[in-house]
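To be precise, the following lines are final-v3.cif, and they hold mmCIF, C-alpha atoms and all ligand atoms.
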data_input
loop_
_atom_site.label_atom_id
_atom_site.label_comp_id
_atom_site.auth_asym_id
_atom_site.auth_seq_id
_atom_site.Cartn_x
_atom_site.Cartn_y
_atom_site.Cartn_z
CA MET A 12 -5.04 -17.25 -10.84
CA VAL A 13 -6.63 -17.40 -7.39
CA ASN A 14 -6.33 -20.79 -5.71
CA GLU A 15 -9.44 -21.55 -3.62
CA HIS A 16 -7.36 -22.96 -0.78
CA THR A 17 -4.67 -20.27 -0.62
CA PRO A 18 -5.61 -16.88 0.81
CA PRO A 19 -5.32 -14.25 -1.94
CA VAL A 20 -2.70 -11.52 -1.72
CA VAL A 21 -4.77 -8.35 -2.14
CA ALA A 22 -3.44 -4.94 -3.15
CA VAL A 23 -5.21 -1.73 -2.12
CA VAL A 24 -4.31 0.75 -4.86
CA VAL A 25 -5.07 4.30 -3.79
CA ALA A 26 -6.07 6.40 -6.79
CA ALA A 27 -8.46 8.96 -5.29
CA GLY A 28 -6.11 11.96 -5.05
CA LEU A 29 -6.58 15.34 -6.70
CA GLY A 30 -3.14 15.51 -8.32
CA THR A 31 -2.84 19.20 -7.46
CA ARG A 32 0.96 19.33 -7.92
CA PHE A 33 0.72 17.53 -11.26
CA GLY A 34 -2.05 19.77 -12.57
CA GLY A 35 -3.19 19.52 -16.20
CA PRO A 36 -6.50 18.55 -17.78
CA VAL A 37 -6.22 14.76 -17.24
CA PRO A 38 -5.95 13.34 -13.68
CA LYS A 39 -2.44 11.89 -13.28
CA GLN A 40 -3.67 8.42 -12.31
CA VAL A 41 -5.32 8.01 -15.74
CA THR A 42 -2.86 9.98 -17.81
CA SER A 43 -1.02 7.98 -20.47
CA LEU A 44 2.28 6.26 -19.72
CA THR A 45 3.48 4.66 -22.97
CA GLY A 46 -0.10 4.31 -24.15
CA LYS A 47 -1.66 2.90 -20.96
CA ALA A 48 -3.22 4.65 -17.95
CA VAL A 49 -0.75 5.14 -15.09
CA VAL A 50 -3.04 3.17 -12.74
CA ALA A 51 -3.25 0.29 -15.23
CA VAL A 52 0.55 0.06 -15.35
CA ALA A 53 0.62 0.08 -11.53
CA VAL A 54 -1.85 -2.82 -11.31
CA GLU A 55 0.12 -4.79 -13.94
CA SER A 56 3.30 -4.28 -11.91
CA LEU A 57 1.60 -5.55 -8.74
CA ALA A 58 0.24 -8.57 -10.62
CA ALA A 59 3.71 -9.33 -12.02
CA GLY A 60 5.04 -9.38 -8.46
CA GLY A 61 2.40 -11.80 -7.13
CA CYS A 62 -0.74 -9.85 -6.16
CA ASP A 63 -3.89 -11.86 -6.90
CA GLU A 64 -6.56 -9.15 -6.78
CA ALA A 65 -6.68 -5.36 -6.51
CA VAL A 66 -9.02 -2.98 -4.70
CA VAL A 67 -8.70 0.34 -6.51
CA VAL A 68 -9.79 3.34 -4.48
CA VAL A 69 -11.32 5.99 -6.70
CA LYS A 70 -12.42 9.60 -6.34
CA GLU A 71 -16.19 10.24 -6.39
CA GLY A 72 -17.26 10.72 -10.02
CA MET A 73 -14.17 8.97 -11.45
CA HIS A 74 -15.44 5.37 -11.38
CA ASN A 75 -16.16 5.26 -15.12
CA HIS A 76 -12.73 6.59 -16.08
CA LEU A 77 -10.99 4.07 -13.85
CA GLN A 78 -13.15 1.16 -15.02
CA ILE A 79 -12.22 1.92 -18.62
CA ALA A 80 -8.55 2.36 -17.72
CA LEU A 81 -8.47 -1.03 -15.98
CA ALA A 82 -10.66 -3.01 -18.40
CA ALA A 83 -7.73 -5.19 -19.48
CA SER A 84 -6.29 -5.77 -16.00
CA PRO A 85 -4.49 -9.13 -15.64
CA ILE A 86 -6.05 -9.61 -12.16
CA PRO A 87 -9.62 -9.01 -10.87
CA VAL A 88 -10.20 -5.39 -9.84
CA HIS A 89 -12.77 -4.07 -7.33
CA PHE A 90 -13.66 -0.37 -7.10
CA VAL A 91 -14.24 1.58 -3.89
CA THR A 92 -14.85 5.30 -3.32
CA GLY A 93 -12.04 7.18 -1.59
CA GLY A 94 -11.98 9.91 1.04
CA ASP A 95 -10.58 13.41 1.54
CA THR A 96 -7.09 12.22 2.51
CA ARG A 97 -4.90 9.31 1.43
CA GLN A 98 -5.39 7.85 4.90
CA ASP A 99 -9.20 7.92 4.46
CA SER A 100 -8.87 6.27 1.05
CA VAL A 101 -6.69 3.47 2.46
CA ARG A 102 -9.17 2.87 5.27
CA ASN A 103 -12.05 2.60 2.78
CA GLY A 104 -10.06 0.02 0.81
CA LEU A 105 -9.31 -2.03 3.92
CA ARG A 106 -12.96 -1.90 5.03
CA PHE A 107 -14.04 -3.18 1.61
CA ILE A 108 -11.69 -6.16 1.96
CA ALA A 109 -12.94 -6.90 5.48
CA GLN A 110 -16.55 -6.99 4.26
CA HIS A 111 -15.93 -9.01 1.09
CA HIS A 112 -16.89 -12.70 1.28
CA ARG A 113 -13.69 -13.88 -0.44
CA LEU A 114 -11.11 -11.09 -0.05
CA SER A 115 -11.57 -11.20 3.72
CA ASP A 116 -9.65 -14.51 3.64
CA ALA A 117 -6.52 -12.49 2.83
CA THR A 118 -3.86 -12.42 5.52
CA THR A 119 -1.37 -10.37 3.47
CA VAL A 120 -2.34 -6.99 2.01
CA LEU A 121 -0.24 -4.53 0.07
CA ILE A 122 -1.03 -0.81 -0.04
CA HIS A 123 0.25 0.98 -3.13
CA ASP A 124 0.08 4.44 -4.68
CA ALA A 125 -1.54 4.26 -8.14
CA VAL A 126 1.00 6.90 -9.14
CA ARG A 127 4.03 4.63 -8.55
CA PRO A 128 3.37 2.60 -11.72
CA LEU A 129 6.82 1.16 -12.38
CA VAL A 130 7.60 -0.72 -9.18
CA PRO A 131 9.71 -3.71 -10.28
CA ALA A 132 8.28 -7.21 -9.76
CA TYR A 133 11.14 -8.17 -7.45
CA VAL A 134 10.26 -5.39 -5.00
CA VAL A 135 6.61 -6.54 -4.87
CA GLU A 136 7.76 -10.16 -4.44
CA ASN A 137 10.13 -9.19 -1.60
CA VAL A 138 7.40 -7.23 0.22
CA ILE A 139 5.01 -10.20 0.01
CA ALA A 140 7.74 -12.65 1.09
CA ALA A 141 8.63 -10.52 4.12
CA VAL A 142 5.00 -10.49 5.31
CA ASP A 143 4.60 -14.21 4.57
CA ASN A 144 7.69 -14.79 6.73
CA GLY A 145 6.12 -13.04 9.71
CA ALA A 146 6.84 -9.31 9.36
CA VAL A 147 3.80 -7.26 10.36
CA ALA A 148 4.58 -4.06 8.43
CA VAL A 149 7.06 -3.83 5.54
CA THR A 150 8.18 -0.96 3.37
CA PRO A 151 10.65 -0.54 0.52
CA VAL A 152 13.08 2.35 1.01
CA ILE A 153 15.93 3.92 -0.94
CA ASP A 154 18.95 5.97 0.08
CA VAL A 155 18.66 9.75 0.05
CA VAL A 156 21.12 11.07 -2.54
CA ASP A 157 20.77 14.83 -2.04
CA THR A 158 22.31 16.88 0.73
CA ILE A 159 19.44 17.73 3.06
CA ARG A 160 19.10 20.91 5.12
CA GLN A 161 16.72 21.42 8.01
CA ILE A 162 15.15 24.86 8.17
CA ASP A 163 14.75 26.56 11.55
CA GLY A 164 13.33 30.05 11.14
CA ASP A 165 16.01 32.16 9.40
CA THR A 166 18.75 29.58 9.87
CA SER A 167 19.31 26.10 8.51
CA SER A 168 21.64 23.15 9.11
CA VAL A 169 22.76 20.04 7.27
CA VAL A 170 21.19 16.72 8.32
CA ASP A 171 23.25 13.50 8.33
CA ARG A 172 21.78 11.81 5.25
CA SER A 173 23.50 8.48 5.95
CA THR A 174 20.75 7.78 8.49
CA LEU A 175 17.88 8.84 6.20
CA ARG A 176 15.83 6.73 3.79
CA ALA A 177 13.09 7.73 1.35
CA VAL A 178 9.97 5.60 1.80
CA GLN A 179 8.15 4.01 -1.13
CA THR A 180 5.17 1.75 -1.77
CA PRO A 181 3.89 -0.98 -1.98
CA GLN A 182 3.93 -1.41 1.75
CA GLY A 183 2.94 -4.87 2.96
CA PHE A 184 1.01 -5.83 6.08
CA ASN A 185 -0.65 -8.46 8.10
CA ARG A 186 -4.22 -7.57 7.14
CA ALA A 187 -5.76 -7.80 10.60
CA VAL A 188 -3.07 -5.55 12.08
CA ILE A 189 -3.19 -2.75 9.48
CA THR A 190 -7.01 -2.78 9.46
CA GLU A 191 -7.15 -2.47 13.24
CA CYS A 192 -4.48 0.29 13.29
CA HIS A 193 -6.29 2.38 10.66
CA GLU A 194 -9.61 2.02 12.52
CA GLN A 195 -7.95 3.05 15.77
CA LEU A 196 -6.33 6.06 14.12
CA ALA A 197 -9.70 7.15 12.71
CA VAL A 198 -11.20 7.03 16.20
CA GLU A 199 -8.29 9.02 17.69
CA GLY A 200 -8.24 11.51 14.81
CA GLY A 201 -4.48 11.37 14.07
CA SER A 202 -2.90 11.67 10.64
CA VAL A 203 -0.13 9.80 8.81
CA THR A 204 1.34 10.14 5.31
CA ASP A 205 2.00 6.42 4.90
CA ASP A 206 0.69 3.17 6.38
CA ILE A 207 3.88 1.93 8.02
CA SER A 208 3.69 4.99 10.28
CA CYS A 209 0.12 4.04 11.17
CA CYS A 210 1.28 0.60 12.41
CA GLU A 211 4.31 2.03 14.20
CA ARG A 212 2.09 4.39 16.15
CA TYR A 213 0.52 1.35 17.81
CA GLY A 214 3.80 -0.32 18.68
CA HIS A 215 4.38 -2.51 15.62
CA HIS A 216 7.86 -2.90 14.15
CA ALA A 217 8.54 -1.46 10.67
CA THR A 218 10.64 -3.78 8.50
CA LEU A 219 12.62 -1.95 5.79
CA ILE A 220 13.63 -3.67 2.56
CA GLU A 221 15.45 -2.48 -0.57
CA GLY A 222 13.29 -0.32 -2.85
CA SER A 223 14.07 0.90 -6.35
CA ARG A 224 14.50 4.23 -8.13
CA MET A 225 12.15 2.79 -10.78
CA SER A 226 9.31 3.14 -8.24
CA LEU A 227 9.27 6.90 -8.51
CA LYS A 228 6.03 8.66 -7.56
CA ILE A 229 4.50 10.75 -10.34
CA THR A 230 3.99 13.96 -8.39
CA GLU A 231 4.94 16.75 -10.83
CA PRO A 232 4.83 16.76 -14.66
CA VAL A 233 8.58 16.06 -15.00
CA ASP A 234 8.09 12.75 -13.14
CA LEU A 235 5.93 11.50 -16.01
CA ASP A 236 8.76 12.24 -18.46
CA ILE A 237 11.20 10.28 -16.30
CA ALA A 238 8.71 7.42 -15.96
CA GLU A 239 8.35 7.31 -19.77
CA VAL A 240 12.09 6.71 -20.07
CA PHE A 241 12.04 3.95 -17.42
CA ALA A 242 8.94 2.37 -19.00
CA LYS A 243 10.69 2.27 -22.37
CA ALA A 244 13.59 0.43 -20.77
CA THR A 245 11.34 -2.21 -19.16
CA ALA A 246 9.26 -2.62 -22.33
CA GLY A 247 12.38 -4.00 -24.01
CA ALA A 248 13.40 -6.13 -21.06
CA GLY A 249 10.22 -7.29 -19.27
CA HIS A 250 8.84 -6.94 -15.72
CA HIS A 251 11.60 -9.03 -14.21
CA SER A 252 14.37 -6.76 -15.43
CA GLY A 253 13.95 -4.16 -12.66
CA ARG A 254 17.10 -5.13 -10.75
CA ARG A 255 19.24 -5.19 -13.90
CA ILE A 256 17.96 -1.83 -15.07
CA GLY A 257 18.53 -0.40 -11.59
CA ARG A 258 22.17 -1.61 -11.72
CA MET A 259 22.60 -0.11 -15.17
CA LEU A 260 21.26 3.26 -14.06
CA ARG A 261 23.73 3.32 -11.16
CA ALA A 262 26.81 2.02 -12.96
CA ALA A 263 26.85 3.32 -16.50
CA LYS A 264 27.90 6.72 -17.81
CA PRO A 265 24.88 9.00 -18.51
CA SER A 266 25.52 8.92 -22.27
CA THR A 267 25.53 5.09 -22.26
CA VAL A 268 22.33 4.97 -20.24
CA ALA A 269 20.61 7.39 -22.62
CA ARG A 270 21.70 5.33 -25.64
CA ARG A 271 20.58 2.01 -24.11
CA LEU A 272 17.28 3.38 -22.87
CA SER A 273 16.50 4.85 -26.26
CA ARG A 274 17.00 1.34 -27.74
CA GLY A 275 14.61 -0.17 -25.16
CA ASN A 276 17.60 -1.59 -23.18
CA ARG A 277 18.52 -4.09 -25.90
CA ARG A 278 22.24 -4.68 -26.13
N1 LIG B 301 -7.64 11.61 -0.81
C1 LIG B 301 -6.68 10.91 -1.41
C2 LIG B 301 -5.39 11.48 -1.63
C3 LIG B 301 -4.42 10.73 -2.30
N2 LIG B 301 -4.72 9.49 -2.74
C4 LIG B 301 -3.74 8.71 -3.51
O1 LIG B 301 -2.54 8.59 -2.76
C5 LIG B 301 -1.40 8.56 -3.63
C6 LIG B 301 -0.42 9.60 -3.08
O2 LIG B 301 0.23 10.34 -4.06
P1 LIG B 301 0.17 11.94 -4.17
O3 LIG B 301 1.21 12.30 -5.15
O4 LIG B 301 0.25 12.60 -2.85
O5 LIG B 301 -1.26 12.18 -4.86
P2 LIG B 301 -2.28 13.39 -4.80
O6 LIG B 301 -2.84 13.55 -3.41
O7 LIG B 301 -3.26 13.12 -5.88
O8 LIG B 301 -1.36 14.65 -5.18
P3 LIG B 301 -1.44 16.17 -4.73
O9 LIG B 301 -1.01 16.21 -3.28
O10 LIG B 301 -0.48 16.88 -5.64
O11 LIG B 301 -2.86 16.65 -4.90
C7 LIG B 301 -1.93 8.82 -5.05
O12 LIG B 301 -2.00 7.60 -5.77
C8 LIG B 301 -3.32 9.40 -4.81
O13 LIG B 301 -4.25 9.14 -5.85
C9 LIG B 301 -5.98 8.93 -2.51
O14 LIG B 301 -6.24 7.80 -2.91
N3 LIG B 301 -6.93 9.67 -1.84
C1 LIG B 302 3.01 6.90 0.84
C2 LIG B 302 4.10 7.68 0.14
O1 LIG B 302 4.17 7.31 -1.22
C3 LIG B 302 5.44 7.34 0.77
O2 LIG B 302 6.46 8.04 0.15
C4 LIG B 302 3.85 9.17 0.20
O3 LIG B 302 3.93 9.63 1.52
C5 LIG B 302 2.51 9.59 -0.41
O4 LIG B 302 2.56 10.92 -0.86
P1 LIG B 302 1.90 12.13 -0.06
O5 LIG B 302 2.30 13.36 -0.83
O6 LIG B 302 2.49 12.14 1.32
O7 LIG B 302 0.42 11.86 -0.09
#

Take the structure I supplied and represent it as structure tokens, if you would.
Amino acid sequence: MVNEHTPPVVAVVVAAGLGTRFGGPVPKQVTSLTGKAVVAVAVESLAAGGCDEAVVVVKEGMHNHLQIALAASPIPVHFVTGGDTRQDSVRNGLRFIAQHHRLSDATTVLIHDAVRPLVPAYVVENVIAAVDNGAVAVTPVIDVVDTIRQIDGDTSSVVDRSTLRAVQTPQGFNRAVITECHEQLAVEGGSVTDDISCCERYGHHATLIEGSRMSLKITEPVDLDIAEVFAKATAGAGHHSGRRIGRMLRAAKPSTVARRLSRGNRR
């Protein structure tokens, strides 16, 4: 529920990608994840973590599909047409907010990939809290668990993974700052793969907080299979179970995890 006197927390949900790596006949943002469109699950997760409204950025010609997919959204949804790159789509979303009579009251905005549907509520809450407490640009991150090699022509070398983190969304921002940074970047013609990097480019500090393996990005078909398993676990335990499920995935033996997940995480 939006309180008239409190600025709304608005999420820009970018859903205008081509899904080339995912392939298949149905765009990945509207493909089914336990019976709901991926983008619908993403918006529910943002709402569970405290977002009041969502601006969903859609590919030209996909508005109808997305409107149907989000018909039962728990928060108001606005639709905007995206651009050729993720960066263009984010900028369109931010411009929409700036021009909207009510959403332009927002001081905190989150920017989220539609294809990270299972972000736990506590991660969303922590991103919002960090911005409310004065951070300008916030991102969830997780440790890198693979050994990483850097390729240099015909040779390669191991990189110290203890200093690496994998970046997730939702990323949270002071709205005026991220809007200004994206506009500046458009004028200069640079490119970024996430929005924290856009702020950093103009001298703003990036605040890192704990992310979650549940927030995986559906990039290739196998990611949807993994997301189905995670979604089954949260269906039995609710939106606020993300931390507990994360602990279980780290601590338990694989056979125990498989058994619990198949029972919807009920003990
Ligand atoms: N022009 C674009 C490109 C990407 N996105 C969104 O940005 C997120 C990034 O995820 P990614 O896996 O890179 O999506 P795609 O660009 O669709 O994937 P691919 O590169 O395989 O085509 C997705 O929610 C995607 O819909 C967008 O809104 N507009
Ligand atoms: C923003 C992002 O999700 C951070 O991990 C990611 O960079 C988006 O994916 P892309 O393949 O770079 O568009």

Next on the checklist: Using only C-alpha atoms and all ligand atoms, which residues of the polymer chains come no farther than 7 Å from ligand LIG 301 (chain B)? I'd like the answer as JSON, numbers by chain.
Outcome noted: {"A": [25, 26, 27, 28, 29, 30, 31, 32, 33, 40, 68, 69, 93, 94, 95, 96, 97, 99, 100, 101, 124, 125, 126, 228, 229, 230]}

With C-alpha atoms kept, could you save the residues just selected as a PDB file, in the coordinates of the input?
ATOM      1  CA  VAL A  25      -5.070   4.300  -3.790  1.00  0.00           C
ATOM      2  CA  ALA A  26      -6.070   6.400  -6.790  1.00  0.00           C
ATOM      3  CA  ALA A  27      -8.460   8.960  -5.290  1.00  0.00           C
ATOM      4  CA  GLY A  28      -6.110  11.960  -5.050  1.00  0.00           C
ATOM      5  CA  LEU A  29      -6.580  15.340  -6.700  1.00  0.00           C
ATOM      6  CA  GLY A  30      -3.140  15.510  -8.320  1.00  0.00           C
ATOM      7  CA  THR A  31      -2.840  19.200  -7.460  1.00  0.00           C
ATOM      8  CA  ARG A  32       0.960  19.330  -7.920  1.00  0.00           C
ATOM      9  CA  PHE A  33       0.720  17.530 -11.260  1.00  0.00           C
ATOM     10  CA  GLN A  40      -3.670   8.420 -12.310  1.00  0.00           C
ATOM     11  CA  VAL A  68      -9.790   3.340  -4.480  1.00  0.00           C
ATOM     12  CA  VAL A  69     -11.320   5.990  -6.700  1.00  0.00           C
ATOM     13  CA  GLY A  93     -12.040   7.180  -1.590  1.00  0.00           C
ATOM     14  CA  GLY A  94     -11.980   9.910   1.040  1.00  0.00           C
ATOM     15  CA  ASP A  95     -10.580  13.410   1.540  1.00  0.00           C
ATOM     16  CA  THR A  96      -7.090  12.220   2.510  1.00  0.00           C
ATOM     17  CA  ARG A  97      -4.900   9.310   1.430  1.00  0.00           C
ATOM     18  CA  ASP A  99      -9.200   7.920   4.460  1.00  0.00           C
ATOM     19  CA  SER A 100      -8.870   6.270   1.050  1.00  0.00           C
ATOM     20  CA  VAL A 101      -6.690   3.470   2.460  1.00  0.00           C
ATOM     21  CA  ASP A 124       0.080   4.440  -4.680  1.00  0.00           C
ATOM     22  CA  ALA A 125      -1.540   4.260  -8.140  1.00  0.00           C
ATOM     23  CA  VAL A 126       1.000   6.900  -9.140  1.00  0.00           C
ATOM     24  CA  LYS A 228       6.030   8.660  -7.560  1.00  0.00           C
ATOM     25  CA  ILE A 229       4.500  10.750 -10.340  1.00  0.00           C
ATOM     26  CA  THR A 230       3.990  13.960  -8.390  1.00  0.00           C
TER      27      THR A 230
END

Item to check | Env. residues ligand LIG 302 (chain B) / 6 Å / only C-alpha atoms and all ligand atoms / as a PyMOL selection string | outcome: chain A and resi 178-180+204-205

Checklist entry - What lies within 7 Å of region 140-157 of chain A using only C-alpha atoms, ignoring chain neighbours under 2 positions off, as a ChimeraX atom specification? => result /A:119,136-138,159,172,175-185,207,210,216-223

Checklist outcome for this item: Counting only C-alpha atoms, the residue among A:Val49, A:Val134, A:Leu57, A:Val24 that lies closest to Ala238 (chain A) is A:Val49

Excluding Arg102 (chain A) and its own-chain neighbours fewer than 3 positions away, which residues fall within 12 Å of it when counting all atoms listed in the file? Please give them as a PDB file with C-alpha atoms, in the frame of the given file.
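Done, and the output landed in result_20.pdb:
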ATOM      1  CA  VAL A  23      -5.210  -1.730  -2.120  1.00  0.00           C
ATOM      2  CA  VAL A  24      -4.310   0.750  -4.860  1.00  0.00           C
ATOM      3  CA  VAL A  25      -5.070   4.300  -3.790  1.00  0.00           C
ATOM      4  CA  VAL A  66      -9.020  -2.980  -4.700  1.00  0.00           C
ATOM      5  CA  VAL A  68      -9.790   3.340  -4.480  1.00  0.00           C
ATOM      6  CA  VAL A  91     -14.240   1.580  -3.890  1.00  0.00           C
ATOM      7  CA  THR A  92     -14.850   5.300  -3.320  1.00  0.00           C
ATOM      8  CA  GLY A  93     -12.040   7.180  -1.590  1.00  0.00           C
ATOM      9  CA  GLY A  94     -11.980   9.910   1.040  1.00  0.00           C
ATOM     10  CA  ASP A  95     -10.580  13.410   1.540  1.00  0.00           C
ATOM     11  CA  THR A  96      -7.090  12.220   2.510  1.00  0.00           C
ATOM     12  CA  ARG A  97      -4.900   9.310   1.430  1.00  0.00           C
ATOM     13  CA  GLN A  98      -5.390   7.850   4.900  1.00  0.00           C
ATOM     14  CA  ASP A  99      -9.200   7.920   4.460  1.00  0.00           C
ATOM     15  CA  LEU A 105      -9.310  -2.030   3.920  1.00  0.00           C
ATOM     16  CA  ARG A 106     -12.960  -1.900   5.030  1.00  0.00           C
ATOM     17  CA  PHE A 107     -14.040  -3.180   1.610  1.00  0.00           C
ATOM     18  CA  ILE A 108     -11.690  -6.160   1.960  1.00  0.00           C
ATOM     19  CA  ALA A 109     -12.940  -6.900   5.480  1.00  0.00           C
ATOM     20  CA  ILE A 122      -1.030  -0.810  -0.040  1.00  0.00           C
ATOM     21  CA  ARG A 186      -4.220  -7.570   7.140  1.00  0.00           C
ATOM     22  CA  ILE A 189      -3.190  -2.750   9.480  1.00  0.00           C
ATOM     23  CA  THR A 190      -7.010  -2.780   9.460  1.00  0.00           C
ATOM     24  CA  GLU A 191      -7.150  -2.470  13.240  1.00  0.00           C
ATOM     25  CA  CYS A 192      -4.480   0.290  13.290  1.00  0.00           C
ATOM     26  CA  HIS A 193      -6.290   2.380  10.660  1.00  0.00           C
ATOM     27  CA  GLU A 194      -9.610   2.020  12.520  1.00  0.00           C
ATOM     28  CA  GLN A 195      -7.950   3.050  15.770  1.00  0.00           C
ATOM     29  CA  LEU A 196      -6.330   6.060  14.120  1.00  0.00           C
ATOM     30  CA  ALA A 197      -9.700   7.150  12.710  1.00  0.00           C
ATOM     31  CA  VAL A 198     -11.200   7.030  16.200  1.00  0.00           C
ATOM     32  CA  VAL A 203      -0.130   9.800   8.810  1.00  0.00           C
ATOM     33  CA  ASP A 205       2.000   6.420   4.900  1.00  0.00           C
ATOM     34  CA  ASP A 206       0.690   3.170   6.380  1.00  0.00           C
ATOM     35  CA  CYS A 209       0.120   4.040  11.170  1.00  0.00           C
TER      36      CYS A 209
END

Item to check | Pick from A:Leu235, A:Leu227, A:Ala117, A:Ile162 nearest to Asp63 (chain A), counting only C-alpha atoms | outcome: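 Looking at the shortest contact to Asp63 (chain A), the residue is A:Ala117.
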
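Between CA of Leu44 (chain A) and CA of Asp236 (chain A) there is a distance of 8.9 Å.
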
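A straight line drawn from CA of Gly46 (chain A) to CA of Asp234 (chain A) is 16.1 Å long.
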
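Counting from CA of Glu231 (chain A), the distance to CA of Lys39 (chain A) is 9.2 Å.
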
Checklist entry - For Ala58 (chain A), which residue among A:Phe90, A:Tyr213, A:Phe241, A:Tyr133 is the nearest when counting all atoms listed in the file? => result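 Of A:Phe90, A:Tyr213, A:Phe241, A:Tyr133, the one nearest Ala58 (chain A), counting all atoms listed in the file, is A:Tyr133.
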
Checklist entry - Using all atoms listed in the file, which of A:Val67, A:Gln110, A:Ser202, A:Pro36 sits nearest Val88 (chain A)? => result A:Val67

Can region 76-88 of chain A be brought up to N, CA and C atoms and written out as a PDB file, in the frame of the given file?
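Produced file selection.pdb, reproduced below:
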ATOM      1  N   HIS A  76     -14.070   6.421 -15.514  1.00  0.00           N
ATOM      2  CA  HIS A  76     -12.730   6.590 -16.080  1.00  0.00           C
ATOM      3  C   HIS A  76     -11.816   5.433 -15.666  1.00  0.00           C
ATOM      4  N   LEU A  77     -11.900   5.106 -14.378  1.00  0.00           N
ATOM      5  CA  LEU A  77     -10.990   4.070 -13.850  1.00  0.00           C
ATOM      6  C   LEU A  77     -11.384   2.682 -14.362  1.00  0.00           C
ATOM      7  N   GLN A  78     -12.709   2.461 -14.509  1.00  0.00           N
ATOM      8  CA  GLN A  78     -13.150   1.160 -15.020  1.00  0.00           C
ATOM      9  C   GLN A  78     -12.649   0.953 -16.443  1.00  0.00           C
ATOM     10  N   ILE A  79     -12.714   2.010 -17.237  1.00  0.00           N
ATOM     11  CA  ILE A  79     -12.220   1.920 -18.620  1.00  0.00           C
ATOM     12  C   ILE A  79     -10.706   1.692 -18.611  1.00  0.00           C
ATOM     13  N   ALA A  80     -10.025   2.459 -17.770  1.00  0.00           N
ATOM     14  CA  ALA A  80      -8.550   2.360 -17.720  1.00  0.00           C
ATOM     15  C   ALA A  80      -8.097   0.952 -17.338  1.00  0.00           C
ATOM     16  N   LEU A  81      -8.919   0.265 -16.510  1.00  0.00           N
ATOM     17  CA  LEU A  81      -8.470  -1.030 -15.980  1.00  0.00           C
ATOM     18  C   LEU A  81      -9.198  -2.211 -16.631  1.00  0.00           C
ATOM     19  N   ALA A  82      -9.854  -1.956 -17.754  1.00  0.00           N
ATOM     20  CA  ALA A  82     -10.660  -3.010 -18.400  1.00  0.00           C
ATOM     21  C   ALA A  82      -9.827  -4.240 -18.763  1.00  0.00           C
ATOM     22  N   ALA A  83      -8.554  -4.043 -19.066  1.00  0.00           N
ATOM     23  CA  ALA A  83      -7.730  -5.190 -19.480  1.00  0.00           C
ATOM     24  C   ALA A  83      -6.797  -5.660 -18.363  1.00  0.00           C
ATOM     25  N   SER A  84      -7.156  -5.392 -17.120  1.00  0.00           N
ATOM     26  CA  SER A  84      -6.290  -5.770 -16.000  1.00  0.00           C
ATOM     27  C   SER A  84      -6.022  -7.283 -15.981  1.00  0.00           C
ATOM     28  N   PRO A  85      -4.787  -7.688 -15.697  1.00  0.00           N
ATOM     29  CA  PRO A  85      -4.490  -9.130 -15.640  1.00  0.00           C
ATOM     30  C   PRO A  85      -5.047  -9.801 -14.384  1.00  0.00           C
ATOM     31  N   ILE A  86      -5.472  -9.022 -13.385  1.00  0.00           N
ATOM     32  CA  ILE A  86      -6.050  -9.610 -12.160  1.00  0.00           C
ATOM     33  C   ILE A  86      -7.422  -8.949 -11.916  1.00  0.00           C
ATOM     34  N   PRO A  87      -8.316  -9.619 -11.159  1.00  0.00           N
ATOM     35  CA  PRO A  87      -9.620  -9.010 -10.870  1.00  0.00           C
ATOM     36  C   PRO A  87      -9.444  -7.694 -10.104  1.00  0.00           C
ATOM     37  N   VAL A  88     -10.284  -6.713 -10.467  1.00  0.00           N
ATOM     38  CA  VAL A  88     -10.200  -5.390  -9.840  1.00  0.00           C
ATOM     39  C   VAL A  88     -11.569  -5.051  -9.237  1.00  0.00           C
TER      40      VAL A  88
END
